[in-house]
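Next comes work06.cif, with mmCIF, C-alpha atoms and all ligand atoms.
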```cif
data_target
loop_
_atom_site.group_PDB
_atom_site.id
_atom_site.type_symbol
_atom_site.label_atom_id
_atom_site.label_comp_id
_atom_site.auth_asym_id
_atom_site.auth_seq_id
_atom_site.Cartn_x
_atom_site.Cartn_y
_atom_site.Cartn_z
ATOM 1 C CA MET A 274 24.533 3.885 -15.064
ATOM 2 C CA SER A 275 25.656 6.035 -12.186
ATOM 3 C CA THR A 276 25.183 4.545 -8.733
ATOM 4 C CA ALA A 277 23.807 7.934 -7.718
ATOM 5 C CA ARG A 278 20.526 7.132 -9.505
ATOM 6 C CA ARG A 279 19.437 3.878 -7.879
ATOM 7 C CA ILE A 280 16.963 3.223 -5.073
ATOM 8 C CA LEU A 281 16.539 0.063 -3.036
ATOM 9 C CA LEU A 282 13.064 -1.437 -2.698
ATOM 10 C CA VAL A 283 12.837 -3.778 0.286
ATOM 11 C CA ASN A 284 9.922 -6.092 0.976
ATOM 12 C CA GLY A 285 10.003 -8.208 4.094
ATOM 13 C CA PRO A 286 8.621 -11.569 5.177
ATOM 14 C CA ASN A 287 5.547 -13.111 3.563
ATOM 15 C CA LEU A 288 5.300 -10.383 0.942
ATOM 16 C CA ASN A 289 6.452 -12.965 -1.616
ATOM 17 C CA LEU A 290 2.945 -14.377 -1.181
ATOM 18 C CA LEU A 291 1.205 -11.197 -2.334
ATOM 19 C CA GLY A 292 -1.655 -11.926 -4.687
ATOM 20 C CA THR A 293 -2.745 -15.014 -2.794
ATOM 21 C CA ARG A 294 -2.111 -14.015 0.821
ATOM 22 C CA GLU A 295 -5.219 -12.720 2.608
ATOM 23 C CA PRO A 296 -6.305 -10.670 -0.433
ATOM 24 C CA GLU A 297 -9.004 -8.952 1.635
ATOM 25 C CA ILE A 298 -6.137 -7.317 3.565
ATOM 26 C CA TYR A 299 -3.237 -7.191 1.119
ATOM 27 C CA GLY A 300 -5.046 -7.045 -2.218
ATOM 28 C CA SER A 301 -4.514 -9.036 -5.392
ATOM 29 C CA VAL A 302 -1.382 -7.412 -6.800
ATOM 30 C CA THR A 303 1.600 -9.766 -6.828
ATOM 31 C CA LEU A 304 5.082 -8.897 -5.632
ATOM 32 C CA ALA A 305 6.385 -8.944 -9.210
ATOM 33 C CA GLU A 306 3.639 -6.519 -10.248
ATOM 34 C CA LEU A 307 4.412 -4.290 -7.277
ATOM 35 C CA GLU A 308 8.097 -4.226 -8.175
ATOM 36 C CA GLY A 309 7.093 -3.332 -11.742
ATOM 37 C CA ILE A 310 4.920 -0.472 -10.506
ATOM 38 C CA VAL A 311 7.820 0.915 -8.480
ATOM 39 C CA THR A 312 10.289 0.479 -11.335
ATOM 40 C CA ASP A 313 8.004 2.318 -13.772
ATOM 41 C CA ARG A 314 7.402 5.178 -11.358
ATOM 42 C CA ALA A 315 11.085 5.441 -10.503
ATOM 43 C CA GLU A 316 11.911 5.703 -14.192
ATOM 44 C CA MET A 317 9.725 8.819 -14.360
ATOM 45 C CA HIS A 318 12.096 10.342 -11.809
ATOM 46 C CA GLY A 319 15.201 9.124 -13.633
ATOM 47 C CA LEU A 320 15.835 6.467 -11.007
ATOM 48 C CA GLU A 321 16.622 2.782 -11.274
ATOM 49 C CA VAL A 322 15.464 0.184 -8.767
ATOM 50 C CA SER A 323 17.110 -2.732 -7.032
ATOM 51 C CA ALA A 324 14.413 -4.883 -5.480
ATOM 52 C CA VAL A 325 14.803 -7.416 -2.700
ATOM 53 C CA GLN A 326 12.263 -9.536 -0.873
ATOM 54 C CA SER A 327 13.332 -11.866 1.869
ATOM 55 C CA ASN A 328 11.822 -13.791 4.722
ATOM 56 C CA HIS A 329 15.138 -13.554 6.582
ATOM 57 C CA GLU A 330 16.006 -10.584 8.765
ATOM 58 C CA GLY A 331 19.780 -10.936 8.310
ATOM 59 C CA GLU A 332 19.504 -10.957 4.534
ATOM 60 C CA LEU A 333 17.434 -7.785 4.621
ATOM 61 C CA ILE A 334 20.028 -6.161 6.867
ATOM 62 C CA ASP A 335 22.857 -7.205 4.519
ATOM 63 C CA ARG A 336 21.043 -5.688 1.545
ATOM 64 C CA ILE A 337 20.278 -2.480 3.437
ATOM 65 C CA GLN A 338 23.923 -2.147 4.469
ATOM 66 C CA ALA A 339 25.074 -2.718 0.872
ATOM 67 C CA ALA A 340 22.779 0.082 -0.306
ATOM 68 C CA ARG A 341 25.083 2.551 1.381
ATOM 69 C CA GLU A 342 27.504 2.165 -1.518
ATOM 70 C CA THR A 343 25.063 1.667 -4.369
ATOM 71 C CA CYS A 344 21.837 3.531 -3.713
ATOM 72 C CA VAL A 345 20.551 7.009 -2.932
ATOM 73 C CA GLY A 346 17.453 6.050 -0.948
ATOM 74 C CA VAL A 347 15.317 3.198 0.348
ATOM 75 C CA ILE A 348 11.637 2.261 0.148
ATOM 76 C CA ILE A 349 10.837 -0.429 2.673
ATOM 77 C CA ASN A 350 7.884 -2.525 3.670
ATOM 78 C CA PRO A 351 9.469 -4.508 6.478
ATOM 79 C CA GLY A 352 6.400 -6.756 6.843
ATOM 80 C CA ALA A 353 6.134 -8.151 10.351
ATOM 81 C CA PHE A 354 9.712 -6.997 11.082
ATOM 82 C CA THR A 355 8.176 -3.519 11.227
ATOM 83 C CA HIS A 356 6.923 -4.366 14.674
ATOM 84 C CA THR A 357 9.871 -6.378 15.990
ATOM 85 C CA SER A 358 13.180 -5.391 14.460
ATOM 86 C CA VAL A 359 15.480 -2.937 16.163
ATOM 87 C CA ALA A 360 18.207 -4.416 13.929
ATOM 88 C CA ILE A 361 16.520 -3.318 10.694
ATOM 89 C CA ARG A 362 15.928 0.118 12.145
ATOM 90 C CA ASP A 363 19.608 0.331 13.126
ATOM 91 C CA ALA A 364 20.705 -0.747 9.621
ATOM 92 C CA LEU A 365 18.537 1.953 8.051
ATOM 93 C CA SER A 366 19.893 4.503 10.479
ATOM 94 C CA ALA A 367 23.487 3.400 9.820
ATOM 95 C CA ILE A 368 23.375 3.931 6.052
ATOM 96 C CA ALA A 369 22.126 7.488 6.476
ATOM 97 C CA LEU A 370 20.010 7.463 3.297
ATOM 98 C CA PRO A 371 16.458 8.813 3.044
ATOM 99 C CA VAL A 372 13.919 6.095 3.846
ATOM 100 C CA VAL A 373 10.224 5.867 3.048
ATOM 101 C CA GLU A 374 8.266 3.217 4.955
ATOM 102 C CA VAL A 375 5.224 1.746 3.253
ATOM 103 C CA HIS A 376 2.508 -0.703 4.247
ATOM 104 C CA LEU A 377 -0.236 -2.010 2.018
ATOM 105 C CA SER A 378 -2.709 -2.162 4.885
ATOM 106 C CA ASN A 379 -3.574 0.487 7.429
ATOM 107 C CA ILE A 380 -1.597 -0.960 10.335
ATOM 108 C CA HIS A 381 -3.309 1.456 12.739
ATOM 109 C CA ARG A 382 -6.723 -0.023 12.021
ATOM 110 C CA ARG A 383 -5.526 -3.545 12.698
ATOM 111 C CA GLU A 384 -4.344 -5.452 15.777
ATOM 112 C CA GLU A 385 -2.707 -3.470 18.550
ATOM 113 C CA PHE A 386 0.670 -5.176 17.996
ATOM 114 C CA ARG A 387 0.829 -3.687 14.489
ATOM 115 C CA HIS A 388 0.403 -0.123 15.687
ATOM 116 C CA HIS A 389 4.036 0.356 16.636
ATOM 117 C CA SER A 390 6.785 0.530 14.025
ATOM 118 C CA TYR A 391 10.486 0.466 14.904
ATOM 119 C CA VAL A 392 11.227 1.829 11.434
ATOM 120 C CA SER A 393 9.051 4.950 11.471
ATOM 121 C CA GLY A 394 11.508 6.833 13.672
ATOM 122 C CA VAL A 395 14.166 6.694 10.949
ATOM 123 C CA ALA A 396 11.820 7.262 7.984
ATOM 124 C CA GLU A 397 11.201 10.524 6.141
ATOM 125 C CA ALA A 398 7.617 9.438 5.561
ATOM 126 C CA VAL A 399 5.263 6.593 6.415
ATOM 127 C CA ILE A 400 2.486 5.489 4.068
ATOM 128 C CA ALA A 401 -0.074 2.928 5.224
ATOM 129 C CA GLY A 402 -3.410 1.734 3.920
ATOM 130 C CA ALA A 403 -3.152 2.942 0.333
ATOM 131 C CA GLY A 404 -2.465 -0.497 -1.136
ATOM 132 C CA PRO A 405 -0.171 -0.588 -4.185
ATOM 133 C CA ASP A 406 -0.738 3.155 -4.709
ATOM 134 C CA GLY A 407 1.260 3.643 -1.519
ATOM 135 C CA TYR A 408 4.331 2.293 -3.297
ATOM 136 C CA THR A 409 3.832 4.710 -6.184
ATOM 137 C CA PHE A 410 3.508 7.575 -3.751
ATOM 138 C CA ALA A 411 6.560 6.325 -1.847
ATOM 139 C CA VAL A 412 8.664 6.729 -4.992
ATOM 140 C CA ASP A 413 7.432 10.304 -5.446
ATOM 141 C CA VAL A 414 8.104 11.160 -1.810
ATOM 142 C CA LEU A 415 11.543 9.553 -1.847
ATOM 143 C CA ALA A 416 12.443 11.381 -5.067
ATOM 144 C CA SER A 417 11.551 14.663 -3.385
ATOM 145 C CA HIS A 418 14.129 13.914 -0.695
ATOM 146 C CA LEU A 419 17.003 13.130 -3.065
HETATM 147 C C1 LIG B 501 2.717 -6.339 5.875
HETATM 148 C C2 LIG B 501 2.869 -7.357 6.770
HETATM 149 O O1 LIG B 501 3.373 -8.521 6.385
HETATM 150 C C3 LIG B 501 2.419 -7.235 8.168
HETATM 151 O O2 LIG B 501 3.195 -8.021 9.044
HETATM 152 C C4 LIG B 501 2.385 -5.802 8.630
HETATM 153 C C5 LIG B 501 2.292 -4.991 6.286
HETATM 154 C C6 LIG B 501 1.636 -4.932 7.639
HETATM 155 C C7 LIG B 501 1.510 -4.309 5.191
HETATM 156 O O3 LIG B 501 0.400 -3.829 5.417
HETATM 157 O O4 LIG B 501 2.011 -4.219 4.051
HETATM 158 O O5 LIG B 501 1.800 -5.722 9.903
#
```
Conversion result in structure tokens:
Amino acid sequence: MSTARRILLVNGPNLNLLGTREPEIYGSVTLAELEGIVTDRAEMHGLEVSAVQSNHEGELIDRIQAARETCVGVIINPGAFTHTSVAIRDALSAIALPVVEVHLSNIHRREEFRHHSYVSGVAEAVIAGAGPDGYTFAVDVLASHL
């Protein structure tokens, strides 16, 4: 498989708990199911997926940096790091690949501290509040930028 056909799917802290975590906010779809949804959609675009979830900022940064050599684009839900991490933003900026930012919930309808994203400024598109469908749409949008 050519490395030119792979995208990186990044899910940040606490997203490993999807399915049981505050389902009224994050829904009932598990992380494994979400990764399957993205993989299936990517296949329709002739793309493969490398998926990572981590609760550790440095690990996410390492995986984003590595994508520079192996991937053609990134879909990222940085979780709470959305609102705190200049370092993740800088990593995404450094690899110079198209990025689509996705959130299951509508962060703009929630607490004030969730309204700002450090990542949005380096993303081609931002999708929030569409639940798992947002990930499907993120694949389509990313594919249109490749
Ligand atoms: C996921 C999280 O874990 C939160 O910290 C963000 C995001 C929102 C989501 O909606 O997917 O604020």
From the set A:Arg279, A:Arg362, A:Arg383, A:Arg341, which residue has the shortest atom-to-atom contact distance to Ala396 (chain A), counting all atoms listed in the file?
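Ranking A:Arg279, A:Arg362, A:Arg383, A:Arg341 by distance to Ala396 (chain A), first place goes to A:Arg362.
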Hey, can I get the axis-aligned box for region 379-398 of chain A? All listed atoms, 3 Å padding on each side, centre and edge lengths in Å to one decimal, as AutoDock Vina command-line options.
```
--center_x 3.7 --center_y 2.5 --center_z 12.1 --size_x 26.9 --size_y 22.0 --size_z 19.0
```
Which residues, written as a list in words, have at least one atom at most 10 Å from Ala340 (chain A), with all atoms listed in the file counted and residues fewer than 2 positions away on the same chain left out?
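In the requested format, the answer is Thr276, Arg279, Ile280, Leu281, Ser323, Ile334, Asp335, Arg336, Ile337, Gln338, Glu342, Thr343, Cys344, Val345, Gly346, Val347, Leu365, Ile368 and Leu370 of chain A.
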Smallest atom-to-atom distance to Glu332 (chain A): which of A:Ala315, A:Val372, A:Ala364, A:Ile400, using all atoms listed in the file?
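Ranked by minimum distance to Glu332 (chain A), first place goes to A:Ala364.
Counting only C-alpha atoms and comparing A:Asn350, A:Asn284, A:Ser366, A:Thr357, the residue that lies closest to Phe386 (chain A) is A:Thr357.
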I'd like the neighbourhood of Val392 (chain A) as a list in words, where a residue qualifies if any of its atoms comes within 9 Å (using only C-alpha atoms), though same-chain residues fewer than 6 positions away should be ignored.
Pro351, Phe354, Thr355, His356, Ser358, Val359, Ile361, Arg362, Asp363, Leu365 and Glu374 of chain A
Might you spell out which residues the PyMOL selection byres (((not hetatm)) within 8 of (chain B and resi 501)) would select in the displayed file, as a list in words?
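Output from the PyMOL selection byres (((not hetatm)) within 8 of (chain B and resi 501)), applied to this file: Gly285, Pro286, Asn287, Leu288, Ile298, Tyr299, Asn350, Pro351, Gly352, Ala353, Phe354, Thr355, His356, Val375, His376, Leu377, Ser378, Asn379, Ile380, Arg387, Ala401, Gly402 and Gly404 of chain A.
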A straight line from CA of Pro371 (chain A) to CA of Val414 (chain A) spans 9.9 Å
To one decimal place, how far is CA of His318 (chain A) from CA of Leu304 (chain A) in Å?
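We find that CA of His318 (chain A) and CA of Leu304 (chain A) lie 21.4 Å from each other.
Shortest separation to Ile349 (chain A) among A:Ala369, A:Thr303, A:Gln326, A:Pro405 occurs at residue A:Gln326, atoms counted being all atoms listed in the file.
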Please enumerate the residues selected by the PyMOL selection byres (((chain A and resi 309) around 12) and not hetatm) when evaluated against the supplied file, formatted as a PyMOL selection string.
chain A and resi 282+302-308+310-316+321-324+405+408-409
Give the answer as one residue: which of A:Asp413, A:Val325, A:Arg294, A:Gly300 has the shortest atom-to-atom distance to Ala398 (chain A), using all atoms listed in the file?
A:Asp413
Can you complete the atoms of region 396-407 of chain A to all heavy atoms and list them as a tab-separated table (two decimals), in the frame of the given file?
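Printed below is rebuild-v8.tsv as written:
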```tsv
chain	number	residue	atom	x	y	z
A	396	ALA	N	12.39	7.06	9.32
A	396	ALA	CA	11.82	7.26	7.98
A	396	ALA	C	11.46	8.73	7.76
A	396	ALA	O	11.01	9.41	8.68
A	396	ALA	CB	10.59	6.39	7.80
A	397	GLU	N	11.64	9.18	6.52
A	397	GLU	CA	11.20	10.52	6.14
A	397	GLU	C	9.68	10.58	6.11
A	397	GLU	O	9.09	11.62	6.40
A	397	GLU	CB	11.74	10.90	4.75
A	397	GLU	CG	13.24	10.86	4.61
A	397	GLU	CD	13.94	11.91	5.45
A	397	GLU	OE1	13.31	12.94	5.76
A	397	GLU	OE2	15.10	11.69	5.81
A	398	ALA	N	9.07	9.48	5.69
A	398	ALA	CA	7.62	9.44	5.56
A	398	ALA	C	7.14	8.01	5.77
A	398	ALA	O	7.90	7.06	5.56
A	398	ALA	CB	7.19	9.92	4.18
A	399	VAL	N	5.89	7.90	6.20
A	399	VAL	CA	5.26	6.59	6.42
A	399	VAL	C	3.92	6.59	5.69
A	399	VAL	O	3.11	7.50	5.89
A	399	VAL	CB	5.03	6.32	7.92
A	399	VAL	CG1	4.43	4.94	8.13
A	399	VAL	CG2	6.31	6.49	8.71
A	400	ILE	N	3.72	5.59	4.85
A	400	ILE	CA	2.49	5.49	4.07
A	400	ILE	C	1.84	4.14	4.40
A	400	ILE	O	2.48	3.10	4.25
A	400	ILE	CB	2.78	5.58	2.56
A	400	ILE	CG1	3.51	6.89	2.23
A	400	ILE	CG2	1.50	5.44	1.74
A	400	ILE	CD1	4.21	6.88	0.89
A	401	ALA	N	0.59	4.18	4.84
A	401	ALA	CA	-0.07	2.93	5.22
A	401	ALA	C	-1.53	2.97	4.80
A	401	ALA	O	-2.21	3.98	4.98
A	401	ALA	CB	0.01	2.72	6.74
A	402	GLY	N	-1.99	1.87	4.22
A	402	GLY	CA	-3.41	1.73	3.92
A	402	GLY	C	-3.80	2.14	2.52
A	402	GLY	O	-4.98	2.08	2.17
A	403	ALA	N	-2.84	2.51	1.69
A	403	ALA	CA	-3.15	2.94	0.33
A	403	ALA	C	-2.96	1.82	-0.68
A	403	ALA	O	-3.05	2.06	-1.89
A	403	ALA	CB	-2.29	4.15	-0.05
A	404	GLY	N	-2.68	0.61	-0.21
A	404	GLY	CA	-2.46	-0.50	-1.14
A	404	GLY	C	-1.26	-0.22	-2.04
A	404	GLY	O	-0.34	0.50	-1.65
A	405	PRO	N	-1.30	-0.78	-3.26
A	405	PRO	CA	-0.17	-0.59	-4.18
A	405	PRO	C	0.11	0.88	-4.51
A	405	PRO	O	1.25	1.25	-4.78
A	405	PRO	CB	-0.61	-1.35	-5.44
A	405	PRO	CG	-1.59	-2.36	-4.95
A	405	PRO	CD	-2.29	-1.72	-3.78
A	406	ASP	N	-0.95	1.72	-4.46
A	406	ASP	CA	-0.74	3.16	-4.71
A	406	ASP	C	0.26	3.74	-3.72
A	406	ASP	O	0.96	4.72	-4.03
A	406	ASP	CB	-2.06	3.93	-4.59
A	406	ASP	CG	-3.00	3.66	-5.74
A	406	ASP	OD1	-2.55	3.10	-6.76
A	406	ASP	OD2	-4.19	4.01	-5.61
A	407	GLY	N	0.32	3.16	-2.52
A	407	GLY	CA	1.26	3.64	-1.52
A	407	GLY	C	2.70	3.52	-2.00
A	407	GLY	O	3.55	4.35	-1.66
```
